[in-house]
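Colleague: Just so it is clear, I am handing over protein26.csv, which has CSV, C-alpha atoms.
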```csv
chain,number,residue,atom,x,y,z
A,1,MET,CA,-33.5,-14.7,-145.2
A,2,LYS,CA,-33.7,-16.1,-148.6
A,3,ALA,CA,-35.7,-19.3,-149.4
A,4,ARG,CA,-32.4,-21.0,-150.2
A,5,HIS,CA,-30.9,-20.2,-146.8
A,6,ARG,CA,-34.1,-21.3,-145.0
A,7,ARG,CA,-34.2,-24.6,-146.9
A,8,PHE,CA,-30.5,-25.2,-146.0
A,9,ALA,CA,-31.1,-24.4,-142.3
A,10,PHE,CA,-34.1,-26.8,-142.3
A,11,VAL,CA,-32.1,-29.6,-143.9
A,12,ALA,CA,-29.2,-29.0,-141.5
A,13,LEU,CA,-31.5,-29.0,-138.5
A,14,GLY,CA,-33.1,-32.3,-139.7
A,15,VAL,CA,-29.7,-34.0,-140.2
A,16,ALA,CA,-28.6,-32.9,-136.8
A,17,SER,CA,-31.8,-34.2,-135.2
A,18,VAL,CA,-31.4,-37.6,-136.9
A,19,ALA,CA,-27.8,-37.8,-135.8
A,20,LEU,CA,-28.6,-36.9,-132.2
A,21,ALA,CA,-31.4,-39.6,-132.2
A,22,CYS,CA,-29.0,-42.2,-133.6
A,23,ALA,CA,-26.4,-41.3,-131.0
A,24,PHE,CA,-28.9,-41.8,-128.2
A,25,VAL,CA,-30.1,-45.1,-129.6
A,26,LEU,CA,-26.5,-46.4,-130.1
A,27,ASN,CA,-25.6,-45.3,-126.5
A,28,ALA,CA,-28.6,-47.2,-125.1
A,29,PHE,CA,-27.6,-50.4,-127.0
A,30,ARG,CA,-24.0,-50.1,-125.9
A,31,ALA,CA,-25.1,-49.8,-122.3
A,32,ASN,CA,-27.3,-52.8,-122.4
A,33,VAL,CA,-25.1,-55.2,-124.5
A,34,MET,CA,-24.0,-58.1,-122.4
A,35,PHE,CA,-21.6,-60.7,-123.8
A,36,PHE,CA,-21.8,-64.4,-123.2
A,37,VAL,CA,-18.5,-66.0,-122.1
A,38,SER,CA,-17.6,-69.6,-121.3
A,39,PRO,CA,-15.2,-70.4,-118.5
A,40,SER,CA,-12.4,-71.4,-120.9
A,41,GLN,CA,-12.7,-68.0,-122.6
A,42,ILE,CA,-12.3,-66.3,-119.3
A,43,VAL,CA,-9.1,-68.3,-118.5
A,44,GLU,CA,-7.7,-67.4,-122.0
A,45,HIS,CA,-8.7,-63.7,-122.0
A,46,GLN,CA,-8.6,-61.5,-118.9
A,47,GLU,CA,-10.2,-58.4,-120.5
A,48,THR,CA,-13.6,-59.3,-118.9
A,49,ARG,CA,-12.5,-58.2,-115.5
A,50,THR,CA,-13.9,-54.7,-115.7
A,51,GLN,CA,-17.3,-55.3,-117.4
A,52,ARG,CA,-20.5,-57.1,-116.8
A,53,PHE,CA,-21.1,-60.3,-118.8
A,54,ARG,CA,-22.9,-63.6,-118.8
A,55,LEU,CA,-21.1,-66.7,-117.8
A,56,GLY,CA,-22.5,-69.9,-119.1
A,57,GLY,CA,-21.7,-73.6,-118.6
A,58,LEU,CA,-22.6,-76.5,-116.5
A,59,VAL,CA,-22.8,-76.6,-112.7
A,60,GLU,CA,-20.1,-78.9,-111.5
A,61,ARG,CA,-21.3,-81.8,-109.5
A,62,GLY,CA,-20.5,-81.6,-105.8
A,63,SER,CA,-19.6,-77.9,-106.0
A,64,LEU,CA,-22.8,-76.4,-104.6
A,65,ALA,CA,-22.3,-74.9,-101.1
A,66,ARG,CA,-24.7,-72.8,-99.1
A,67,SER,CA,-23.7,-70.3,-96.4
A,68,ALA,CA,-25.1,-70.4,-92.9
A,69,ASP,CA,-27.8,-67.8,-93.7
A,70,ASP,CA,-28.9,-70.0,-96.7
A,71,ARG,CA,-29.0,-66.9,-99.0
A,72,THR,CA,-25.5,-66.9,-100.3
A,73,VAL,CA,-24.6,-69.8,-102.6
A,74,SER,CA,-21.3,-70.7,-104.2
A,75,PHE,CA,-20.8,-73.2,-107.0
A,76,ILE,CA,-18.5,-73.9,-109.9
A,77,VAL,CA,-19.4,-73.4,-113.5
A,78,THR,CA,-17.5,-75.5,-116.0
A,79,ASP,CA,-17.3,-76.1,-119.7
A,80,GLU,CA,-15.3,-79.3,-119.2
A,81,ARG,CA,-12.1,-77.5,-120.1
A,82,ALA,CA,-12.0,-74.7,-117.4
A,83,SER,CA,-13.9,-73.9,-114.3
A,84,ILE,CA,-14.9,-70.6,-112.6
A,85,PRO,CA,-16.1,-70.3,-109.0
A,86,VAL,CA,-19.4,-68.3,-108.7
A,87,ILE,CA,-20.9,-66.6,-105.7
A,88,TYR,CA,-24.5,-65.6,-105.7
A,89,THR,CA,-26.7,-64.0,-103.0
A,90,GLY,CA,-30.4,-64.6,-103.6
A,91,ALA,CA,-33.0,-67.2,-104.4
A,92,LEU,CA,-31.9,-69.8,-107.0
A,93,PRO,CA,-34.3,-70.8,-109.8
A,94,ASP,CA,-36.4,-74.0,-109.0
A,95,LEU,CA,-34.7,-75.8,-111.9
A,96,PHE,CA,-31.1,-75.1,-110.7
A,97,ARG,CA,-29.3,-78.4,-110.2
A,98,GLU,CA,-25.8,-79.7,-110.1
A,99,GLY,CA,-24.8,-81.1,-113.5
A,100,SER,CA,-27.3,-78.9,-115.4
A,101,GLY,CA,-26.8,-75.8,-117.6
A,102,VAL,CA,-26.7,-72.4,-116.0
A,103,VAL,CA,-26.2,-68.8,-117.2
A,104,ALA,CA,-25.0,-66.3,-114.5
A,105,GLN,CA,-24.9,-62.6,-115.1
A,106,GLY,CA,-22.5,-60.4,-113.2
A,107,THR,CA,-18.8,-59.4,-112.9
A,108,LEU,CA,-15.5,-61.1,-112.4
A,109,ALA,CA,-13.6,-60.1,-109.3
A,110,ALA,CA,-9.9,-59.6,-108.9
A,111,ASP,CA,-9.7,-62.9,-107.0
A,112,GLY,CA,-11.0,-64.9,-110.0
A,113,ARG,CA,-14.5,-65.4,-108.6
A,114,PHE,CA,-17.5,-64.5,-110.6
A,115,HIS,CA,-20.0,-62.5,-108.5
A,116,ALA,CA,-23.4,-63.1,-110.0
A,117,ASP,CA,-26.4,-60.8,-109.5
A,118,GLU,CA,-28.7,-63.1,-111.5
A,119,VAL,CA,-28.7,-66.8,-112.2
A,120,LEU,CA,-30.8,-68.5,-114.9
A,121,ALA,CA,-31.3,-72.2,-115.1
A,122,ARG,CA,-32.3,-74.1,-118.3
A,123,HIS,CA,-36.0,-74.7,-118.3
A,124,ASP,CA,-36.4,-78.1,-119.7
A,125,GLU,CA,-34.3,-81.0,-120.9
A,126,LYS,CA,-34.0,-79.8,-124.5
A,127,TYR,CA,-33.1,-76.2,-123.8
A,128,THR,CA,-29.5,-75.1,-123.9
A,129,PRO,CA,-28.4,-71.5,-124.9
A,130,LEU,CA,-27.0,-71.6,-128.4
A,131,GLN,CA,-23.7,-70.0,-127.3
A,132,LEU,CA,-23.3,-72.6,-124.5
A,133,GLU,CA,-24.1,-75.5,-126.8
A,134,ARG,CA,-21.5,-74.2,-129.3
A,135,ALA,CA,-18.9,-73.7,-126.6
A,136,LEU,CA,-19.4,-77.2,-125.2
A,137,ARG,CA,-19.3,-78.7,-128.7
A,138,GLU,CA,-15.9,-76.9,-129.3
A,139,VAL,CA,-14.5,-78.2,-126.0
A,140,ARG,CA,-15.6,-81.7,-126.8
A,141,ALA,CA,-14.1,-81.6,-130.3
A,142,ALA,CA,-10.8,-80.3,-128.9
A,143,ALA,CA,-10.8,-83.0,-126.3
A,144,ASP,CA,-11.5,-85.7,-128.9
A,145,ALA,CA,-8.7,-84.3,-131.1
A,146,ASN,CA,-6.2,-84.3,-128.2
A,147,ALA,CA,-7.2,-87.8,-127.2
A,148,GLY,CA,-6.7,-88.9,-130.8
A,149,THR,CA,-3.1,-87.5,-130.9
A,150,ARG,CA,-2.2,-89.1,-127.6
A,151,ARG,CA,-3.0,-92.6,-128.7
```
Give the structure from the file, written as C-alpha coordinates.

Modeller:
Amino acid sequence: MKARHRRFAFVALGVASVALACAFVLNAFRANVMFFVSPSQIVEHQETRTQRFRLGGLVERGSLARSADDRTVSFIVTDERASIPVIYTGALPDLFREGSGVVAQGTLAADGRFHADEVLARHDEKYTPLQLERALREVRAAADANAGTRR
(Lines of atoms letter the chains of each structure in order from A and count residues from 1; the text may use other names and numbers.)
(Lines give C-alpha, C1' and ligand atoms only; values in the text may rest on other atoms or scores of the structure.)
Protein backbone atom coordinates (compact mmCIF):
# COMPACT_ATOMS: atom_id res chain seq x y z
CA MET A 1 0.00 0.00 0.00
CA LYS A 2 1.36 3.37 -0.94
CA ALA A 3 1.88 6.10 1.66
CA ARG A 4 -0.80 8.16 -0.02
CA HIS A 5 -3.39 5.37 0.36
CA ARG A 6 -2.41 4.74 4.00
CA ARG A 7 -2.77 8.44 4.77
CA PHE A 8 -6.21 8.52 3.10
CA ALA A 9 -7.33 5.41 5.04
CA PHE A 10 -6.10 6.96 8.31
CA VAL A 11 -7.96 10.24 7.65
CA ALA A 12 -11.13 8.37 6.63
CA LEU A 13 -10.97 6.24 9.78
CA GLY A 14 -10.51 9.39 11.90
CA VAL A 15 -13.46 11.16 10.29
CA ALA A 16 -15.67 8.07 10.72
CA SER A 17 -14.66 7.79 14.40
CA VAL A 18 -15.48 11.44 15.07
CA ALA A 19 -18.83 11.12 13.27
CA LEU A 20 -19.72 8.02 15.30
CA ALA A 21 -18.79 9.75 18.56
CA CYS A 22 -20.91 12.79 17.61
CA ALA A 23 -23.85 10.52 16.78
CA PHE A 24 -23.63 8.86 20.21
CA VAL A 25 -23.45 12.21 22.01
CA LEU A 26 -26.38 13.70 20.07
CA ASN A 27 -28.46 10.57 20.68
CA ALA A 28 -27.79 10.81 24.42
CA PHE A 29 -28.80 14.49 24.43
CA ARG A 30 -31.99 13.76 22.52
CA ALA A 31 -32.93 10.98 24.95
CA ASN A 32 -32.43 13.25 27.97
CA VAL A 33 -34.00 16.46 26.69
CA MET A 34 -37.18 17.29 28.55
CA PHE A 35 -39.27 20.28 27.58
CA PHE A 36 -40.99 22.66 30.01
CA VAL A 37 -44.67 23.21 29.23
CA SER A 38 -47.30 25.38 30.90
CA PRO A 39 -50.94 24.26 31.24
CA SER A 40 -52.11 26.77 28.61
CA GLN A 41 -49.56 25.38 26.13
CA ILE A 42 -50.93 21.88 26.71
CA VAL A 43 -54.47 23.06 26.05
CA GLU A 44 -53.37 24.82 22.85
CA HIS A 45 -51.12 22.03 21.52
CA GLN A 46 -51.85 18.33 21.88
CA GLU A 47 -48.52 16.99 20.55
CA THR A 48 -47.23 16.44 24.10
CA ARG A 49 -49.37 13.32 24.52
CA THR A 50 -46.68 10.85 23.53
CA GLN A 51 -43.59 12.30 25.19
CA ARG A 52 -42.26 13.02 28.66
CA PHE A 53 -42.08 16.66 29.64
CA ARG A 54 -42.10 19.00 32.62
CA LEU A 55 -45.35 20.69 33.58
CA GLY A 56 -44.95 23.93 35.51
CA GLY A 57 -47.35 26.28 37.19
CA LEU A 58 -49.02 27.00 40.49
CA VAL A 59 -50.85 24.44 42.62
CA GLU A 60 -54.47 25.55 42.60
CA ARG A 61 -55.82 26.28 46.08
CA GLY A 62 -58.29 23.69 47.35
CA SER A 63 -57.32 21.13 44.71
CA LEU A 64 -55.02 18.90 46.77
CA ALA A 65 -56.58 15.49 47.49
CA ARG A 66 -54.92 12.44 49.02
CA SER A 67 -56.05 8.86 48.48
CA ALA A 68 -56.88 6.46 51.30
CA ASP A 69 -53.38 4.93 51.23
CA ASP A 70 -51.92 8.47 51.60
CA ARG A 71 -49.34 7.77 48.86
CA THR A 72 -51.30 8.85 45.80
CA VAL A 73 -51.96 12.56 45.54
CA SER A 74 -53.96 14.51 43.01
CA PHE A 75 -53.89 18.25 42.51
CA ILE A 76 -54.41 20.81 39.77
CA VAL A 77 -51.60 22.85 38.20
CA THR A 78 -52.66 26.17 36.74
CA ASP A 79 -51.06 29.16 35.05
CA GLU A 80 -54.18 31.31 35.64
CA ARG A 81 -55.37 30.70 32.06
CA ALA A 82 -55.66 26.91 31.93
CA SER A 83 -55.54 24.06 34.44
CA ILE A 84 -54.29 20.47 34.21
CA PRO A 85 -55.09 17.75 36.79
CA VAL A 86 -52.01 15.91 38.07
CA ILE A 87 -51.75 12.48 39.69
CA TYR A 88 -48.61 11.58 41.62
CA THR A 89 -47.71 8.52 43.67
CA GLY A 90 -44.92 9.06 46.16
CA ALA A 91 -43.70 11.43 48.81
CA LEU A 92 -44.21 15.10 48.06
CA PRO A 93 -41.43 17.61 48.79
CA ASP A 94 -41.62 19.31 52.19
CA LEU A 95 -42.15 22.72 50.58
CA PHE A 96 -45.08 21.56 48.43
CA ARG A 97 -48.06 23.81 49.22
CA GLU A 98 -51.28 24.90 47.58
CA GLY A 99 -50.81 28.24 45.87
CA SER A 100 -47.06 27.78 45.41
CA GLY A 101 -45.00 26.99 42.34
CA VAL A 102 -44.45 23.41 41.24
CA VAL A 103 -42.74 21.57 38.41
CA ALA A 104 -43.95 18.02 37.73
CA GLN A 105 -42.18 15.62 35.40
CA GLY A 106 -44.08 12.87 33.59
CA THR A 107 -46.52 12.18 30.77
CA LEU A 108 -49.98 13.31 29.72
CA ALA A 109 -52.52 10.49 29.56
CA ALA A 110 -55.31 10.18 27.00
CA ASP A 111 -57.86 11.27 29.63
CA GLY A 112 -56.14 14.67 29.96
CA ARG A 113 -54.53 13.96 33.33
CA PHE A 114 -50.82 14.44 33.84
CA HIS A 115 -49.22 11.39 35.47
CA ALA A 116 -46.15 12.67 37.31
CA ASP A 117 -43.27 10.50 38.39
CA GLU A 118 -41.40 13.39 40.03
CA VAL A 119 -42.64 16.58 41.67
CA LEU A 120 -40.39 19.53 42.50
CA ALA A 121 -41.47 22.44 44.68
CA ARG A 122 -39.83 25.82 44.72
CA HIS A 123 -37.30 26.06 47.51
CA ASP A 124 -37.76 29.61 48.78
CA GLU A 125 -39.92 32.66 48.31
CA LYS A 126 -37.78 34.18 45.59
CA TYR A 127 -37.24 31.11 43.42
CA THR A 128 -39.40 30.53 40.38
CA PRO A 129 -38.20 28.62 37.32
CA LEU A 130 -37.44 31.10 34.55
CA GLN A 131 -39.83 29.42 32.09
CA LEU A 132 -42.64 29.42 34.67
CA GLU A 133 -42.08 33.08 35.48
CA ARG A 134 -42.13 33.95 31.76
CA ALA A 135 -45.31 31.93 31.16
CA LEU A 136 -47.10 33.54 34.11
CA ARG A 137 -46.01 37.00 32.96
CA GLU A 138 -47.42 36.29 29.47
CA VAL A 139 -50.72 35.09 30.92
CA ARG A 140 -51.04 38.16 33.13
CA ALA A 141 -50.20 40.48 30.22
CA ALA A 142 -52.83 38.78 28.04
CA ALA A 143 -55.40 39.02 30.85
CA ASP A 144 -54.62 42.71 31.33
CA ALA A 145 -54.94 43.33 27.58
CA ASN A 146 -58.28 41.50 27.49
CA ALA A 147 -59.52 43.41 30.53
CA GLY A 148 -58.54 46.69 28.85
CA THR A 149 -60.52 45.88 25.69
CA ARG A 150 -63.64 44.86 27.63
CA ARG A 151 -63.96 48.15 29.47

Colleague: Residues at most 6 Å from A:Leu58, counting all atoms listed in the file, excluding those fewer than 5 positions away in the same chain, as a PyMOL selection string?

Modeller: chain A and resi 77-78+99-102

Colleague: Env of A:Leu136: 8 Å cut, atoms = only C-alpha atoms, seq-sep filter 3 positions within chain, self excluded. Answer as a list in words.

Modeller: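 The contact residues come out as Gly57, Asp79, Glu80, Leu132, Glu133, Val139 and Arg140 of chain A.
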
Colleague: Please, what distance in Å, to one decimal, runs between atom CA of A:His115 and atom CA of A:Ile87?

Modeller: 5.0 Å

Colleague: So that I can check the surroundings of A:Val37, please list as a short mmCIF file (atom, residue, chain, number, x, y, z; two decimals) with C-alpha atoms, keeping the file's coordinate frame every protein, DNA and RNA residue that reaches within 7 Å of it, counting all atoms listed in the file and ignoring chain neighbours fewer than 6 positions away.

Modeller:
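Generated file (around26.cif):
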```cif
data_model
loop_
_atom_site.label_atom_id
_atom_site.label_comp_id
_atom_site.auth_asym_id
_atom_site.auth_seq_id
_atom_site.Cartn_x
_atom_site.Cartn_y
_atom_site.Cartn_z
CA ARG A 54 -22.90 -63.60 -118.80
CA LEU A 55 -21.10 -66.70 -117.80
CA GLY A 56 -22.50 -69.90 -119.10
#
```

Colleague: When you look at stretch 105-114 of chain A with a cut-off of 12 Å (counting only C-alpha atoms), what residues show up, excluding the ones that are within fewer than 4 positions of it in the same chain? I need them as a ChimeraX atom specification.

Modeller: /A:33-39,42-43,46-57,73-77,83-89,118-121

Colleague: Work out how far atom CA of A:Phe96 is from atom CA of A:Ala143, in Å to one decimal.

Modeller: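 Rounded to one decimal, the two atoms are 26.8 Å apart.
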
Colleague: How would stretch 68-112 of chain A of the given structure read as a file with N, CA and C atoms, as a PDB file, in the first residue's frame?

Modeller:
```
ATOM      1  N   ALA A  68     -56.775   7.136  50.006  1.00  0.00           N
ATOM      2  CA  ALA A  68     -56.883   6.458  51.298  1.00  0.00           C
ATOM      3  C   ALA A  68     -55.537   5.905  51.768  1.00  0.00           C
ATOM      4  N   ASP A  69     -54.694   5.469  50.834  1.00  0.00           N
ATOM      5  CA  ASP A  69     -53.383   4.930  51.229  1.00  0.00           C
ATOM      6  C   ASP A  69     -52.373   6.036  51.530  1.00  0.00           C
ATOM      7  N   ASP A  70     -52.734   7.291  51.307  1.00  0.00           N
ATOM      8  CA  ASP A  70     -51.919   8.469  51.597  1.00  0.00           C
ATOM      9  C   ASP A  70     -50.636   8.537  50.778  1.00  0.00           C
ATOM     10  N   ARG A  71     -50.525   7.720  49.729  1.00  0.00           N
ATOM     11  CA  ARG A  71     -49.344   7.770  48.860  1.00  0.00           C
ATOM     12  C   ARG A  71     -49.678   8.409  47.517  1.00  0.00           C
ATOM     13  N   THR A  72     -50.896   8.260  47.066  1.00  0.00           N
ATOM     14  CA  THR A  72     -51.304   8.846  45.798  1.00  0.00           C
ATOM     15  C   THR A  72     -51.964  10.194  46.061  1.00  0.00           C
ATOM     16  N   VAL A  73     -51.489  11.192  45.352  1.00  0.00           N
ATOM     17  CA  VAL A  73     -51.960  12.557  45.543  1.00  0.00           C
ATOM     18  C   VAL A  73     -52.436  13.084  44.199  1.00  0.00           C
ATOM     19  N   SER A  74     -53.525  13.824  44.222  1.00  0.00           N
ATOM     20  CA  SER A  74     -53.965  14.506  43.010  1.00  0.00           C
ATOM     21  C   SER A  74     -54.124  15.983  43.332  1.00  0.00           C
ATOM     22  N   PHE A  75     -53.779  16.806  42.363  1.00  0.00           N
ATOM     23  CA  PHE A  75     -53.894  18.251  42.507  1.00  0.00           C
ATOM     24  C   PHE A  75     -53.991  18.852  41.126  1.00  0.00           C
ATOM     25  N   ILE A  76     -54.266  20.123  41.050  1.00  0.00           N
ATOM     26  CA  ILE A  76     -54.414  20.812  39.773  1.00  0.00           C
ATOM     27  C   ILE A  76     -53.307  21.855  39.650  1.00  0.00           C
ATOM     28  N   VAL A  77     -52.631  21.850  38.502  1.00  0.00           N
ATOM     29  CA  VAL A  77     -51.602  22.853  38.198  1.00  0.00           C
ATOM     30  C   VAL A  77     -52.215  23.853  37.237  1.00  0.00           C
ATOM     31  N   THR A  78     -52.067  25.125  37.560  1.00  0.00           N
ATOM     32  CA  THR A  78     -52.661  26.175  36.739  1.00  0.00           C
ATOM     33  C   THR A  78     -51.641  27.264  36.445  1.00  0.00           C
ATOM     34  N   ASP A  79     -51.854  27.954  35.350  1.00  0.00           N
ATOM     35  CA  ASP A  79     -51.062  29.156  35.047  1.00  0.00           C
ATOM     36  C   ASP A  79     -51.985  30.361  34.940  1.00  0.00           C
ATOM     37  N   GLU A  80     -53.139  30.281  35.582  1.00  0.00           N
ATOM     38  CA  GLU A  80     -54.178  31.305  35.641  1.00  0.00           C
ATOM     39  C   GLU A  80     -54.960  31.444  34.345  1.00  0.00           C
ATOM     40  N   ARG A  81     -54.610  30.695  33.311  1.00  0.00           N
ATOM     41  CA  ARG A  81     -55.366  30.700  32.061  1.00  0.00           C
ATOM     42  C   ARG A  81     -55.953  29.322  31.784  1.00  0.00           C
ATOM     43  N   ALA A  82     -55.215  28.287  32.129  1.00  0.00           N
ATOM     44  CA  ALA A  82     -55.657  26.907  31.934  1.00  0.00           C
ATOM     45  C   ALA A  82     -55.205  26.077  33.131  1.00  0.00           C
ATOM     46  N   SER A  83     -55.859  24.940  33.319  1.00  0.00           N
ATOM     47  CA  SER A  83     -55.538  24.057  34.441  1.00  0.00           C
ATOM     48  C   SER A  83     -55.430  22.622  33.950  1.00  0.00           C
ATOM     49  N   ILE A  84     -54.496  21.873  34.553  1.00  0.00           N
ATOM     50  CA  ILE A  84     -54.286  20.470  34.207  1.00  0.00           C
ATOM     51  C   ILE A  84     -54.287  19.661  35.497  1.00  0.00           C
ATOM     52  N   PRO A  85     -55.137  18.611  35.599  1.00  0.00           N
ATOM     53  CA  PRO A  85     -55.095  17.754  36.788  1.00  0.00           C
ATOM     54  C   PRO A  85     -53.849  16.865  36.765  1.00  0.00           C
ATOM     55  N   VAL A  86     -53.244  16.685  37.936  1.00  0.00           N
ATOM     56  CA  VAL A  86     -52.010  15.911  38.072  1.00  0.00           C
ATOM     57  C   VAL A  86     -52.239  14.803  39.076  1.00  0.00           C
ATOM     58  N   ILE A  87     -51.719  13.611  38.769  1.00  0.00           N
ATOM     59  CA  ILE A  87     -51.749  12.482  39.686  1.00  0.00           C
ATOM     60  C   ILE A  87     -50.308  12.073  39.959  1.00  0.00           C
ATOM     61  N   TYR A  88     -49.977  11.922  41.237  1.00  0.00           N
ATOM     62  CA  TYR A  88     -48.612  11.577  41.624  1.00  0.00           C
ATOM     63  C   TYR A  88     -48.654  10.551  42.745  1.00  0.00           C
ATOM     64  N   THR A  89     -47.842   9.521  42.625  1.00  0.00           N
ATOM     65  CA  THR A  89     -47.713   8.519  43.674  1.00  0.00           C
ATOM     66  C   THR A  89     -46.306   8.615  44.233  1.00  0.00           C
ATOM     67  N   GLY A  90     -46.219   8.923  45.510  1.00  0.00           N
ATOM     68  CA  GLY A  90     -44.924   9.059  46.157  1.00  0.00           C
ATOM     69  C   GLY A  90     -44.972  10.147  47.210  1.00  0.00           C
ATOM     70  N   ALA A  91     -43.810  10.415  47.777  1.00  0.00           N
ATOM     71  CA  ALA A  91     -43.705  11.435  48.810  1.00  0.00           C
ATOM     72  C   ALA A  91     -43.519  12.806  48.154  1.00  0.00           C
ATOM     73  N   LEU A  92     -44.322  13.748  48.579  1.00  0.00           N
ATOM     74  CA  LEU A  92     -44.209  15.104  48.062  1.00  0.00           C
ATOM     75  C   LEU A  92     -43.080  15.844  48.779  1.00  0.00           C
ATOM     76  N   PRO A  93     -42.474  16.818  48.129  1.00  0.00           N
ATOM     77  CA  PRO A  93     -41.435  17.613  48.787  1.00  0.00           C
ATOM     78  C   PRO A  93     -42.009  18.345  50.003  1.00  0.00           C
ATOM     79  N   ASP A  94     -41.164  18.630  50.979  1.00  0.00           N
ATOM     80  CA  ASP A  94     -41.615  19.311  52.191  1.00  0.00           C
ATOM     81  C   ASP A  94     -42.191  20.688  51.903  1.00  0.00           C
ATOM     82  N   LEU A  95     -41.694  21.363  50.895  1.00  0.00           N
ATOM     83  CA  LEU A  95     -42.149  22.721  50.585  1.00  0.00           C
ATOM     84  C   LEU A  95     -43.349  22.763  49.648  1.00  0.00           C
ATOM     85  N   PHE A  96     -43.916  21.616  49.320  1.00  0.00           N
ATOM     86  CA  PHE A  96     -45.080  21.558  48.432  1.00  0.00           C
ATOM     87  C   PHE A  96     -46.281  22.134  49.169  1.00  0.00           C
ATOM     88  N   ARG A  97     -46.894  23.161  48.617  1.00  0.00           N
ATOM     89  CA  ARG A  97     -48.058  23.809  49.218  1.00  0.00           C
ATOM     90  C   ARG A  97     -49.034  24.224  48.127  1.00  0.00           C
ATOM     91  N   GLU A  98     -50.293  24.345  48.498  1.00  0.00           N
ATOM     92  CA  GLU A  98     -51.277  24.899  47.583  1.00  0.00           C
ATOM     93  C   GLU A  98     -50.973  26.381  47.394  1.00  0.00           C
ATOM     94  N   GLY A  99     -51.081  26.847  46.173  1.00  0.00           N
ATOM     95  CA  GLY A  99     -50.815  28.238  45.867  1.00  0.00           C
ATOM     96  C   GLY A  99     -49.358  28.533  45.566  1.00  0.00           C
ATOM     97  N   SER A 100     -48.477  27.545  45.682  1.00  0.00           N
ATOM     98  CA  SER A 100     -47.058  27.785  45.406  1.00  0.00           C
ATOM     99  C   SER A 100     -46.669  27.151  44.079  1.00  0.00           C
ATOM    100  N   GLY A 101     -45.477  27.493  43.615  1.00  0.00           N
ATOM    101  CA  GLY A 101     -44.998  26.985  42.339  1.00  0.00           C
ATOM    102  C   GLY A 101     -44.591  25.532  42.415  1.00  0.00           C
ATOM    103  N   VAL A 102     -44.791  24.827  41.310  1.00  0.00           N
ATOM    104  CA  VAL A 102     -44.451  23.414  41.235  1.00  0.00           C
ATOM    105  C   VAL A 102     -44.029  23.078  39.811  1.00  0.00           C
ATOM    106  N   VAL A 103     -43.118  22.123  39.702  1.00  0.00           N
ATOM    107  CA  VAL A 103     -42.741  21.565  38.414  1.00  0.00           C
ATOM    108  C   VAL A 103     -42.878  20.054  38.547  1.00  0.00           C
ATOM    109  N   ALA A 104     -43.726  19.458  37.721  1.00  0.00           N
ATOM    110  CA  ALA A 104     -43.953  18.018  37.734  1.00  0.00           C
ATOM    111  C   ALA A 104     -43.410  17.425  36.442  1.00  0.00           C
ATOM    112  N   GLN A 105     -42.787  16.280  36.561  1.00  0.00           N
ATOM    113  CA  GLN A 105     -42.177  15.622  35.403  1.00  0.00           C
ATOM    114  C   GLN A 105     -42.911  14.311  35.148  1.00  0.00           C
ATOM    115  N   GLY A 106     -43.353  14.092  33.913  1.00  0.00           N
ATOM    116  CA  GLY A 106     -44.079  12.868  33.595  1.00  0.00           C
ATOM    117  C   GLY A 106     -44.683  12.922  32.208  1.00  0.00           C
ATOM    118  N   THR A 107     -45.854  12.269  32.067  1.00  0.00           N
ATOM    119  CA  THR A 107     -46.523  12.178  30.766  1.00  0.00           C
ATOM    120  C   THR A 107     -47.995  12.550  30.899  1.00  0.00           C
ATOM    121  N   LEU A 108     -48.559  12.965  29.788  1.00  0.00           N
ATOM    122  CA  LEU A 108     -49.976  13.306  29.722  1.00  0.00           C
ATOM    123  C   LEU A 108     -50.736  12.099  29.196  1.00  0.00           C
ATOM    124  N   ALA A 109     -51.734  11.653  29.950  1.00  0.00           N
ATOM    125  CA  ALA A 109     -52.524  10.489  29.556  1.00  0.00           C
ATOM    126  C   ALA A 109     -53.626  10.911  28.588  1.00  0.00           C
ATOM    127  N   ALA A 110     -54.248   9.921  27.978  1.00  0.00           N
ATOM    128  CA  ALA A 110     -55.310  10.179  27.001  1.00  0.00           C
ATOM    129  C   ALA A 110     -56.518  10.860  27.642  1.00  0.00           C
ATOM    130  N   ASP A 111     -56.717  10.658  28.958  1.00  0.00           N
ATOM    131  CA  ASP A 111     -57.859  11.269  29.634  1.00  0.00           C
ATOM    132  C   ASP A 111     -57.612  12.727  30.033  1.00  0.00           C
ATOM    133  N   GLY A 112     -56.445  13.276  29.677  1.00  0.00           N
ATOM    134  CA  GLY A 112     -56.144  14.666  29.963  1.00  0.00           C
ATOM    135  C   GLY A 112     -55.466  14.899  31.300  1.00  0.00           C
TER     136      GLY A 112
END
```
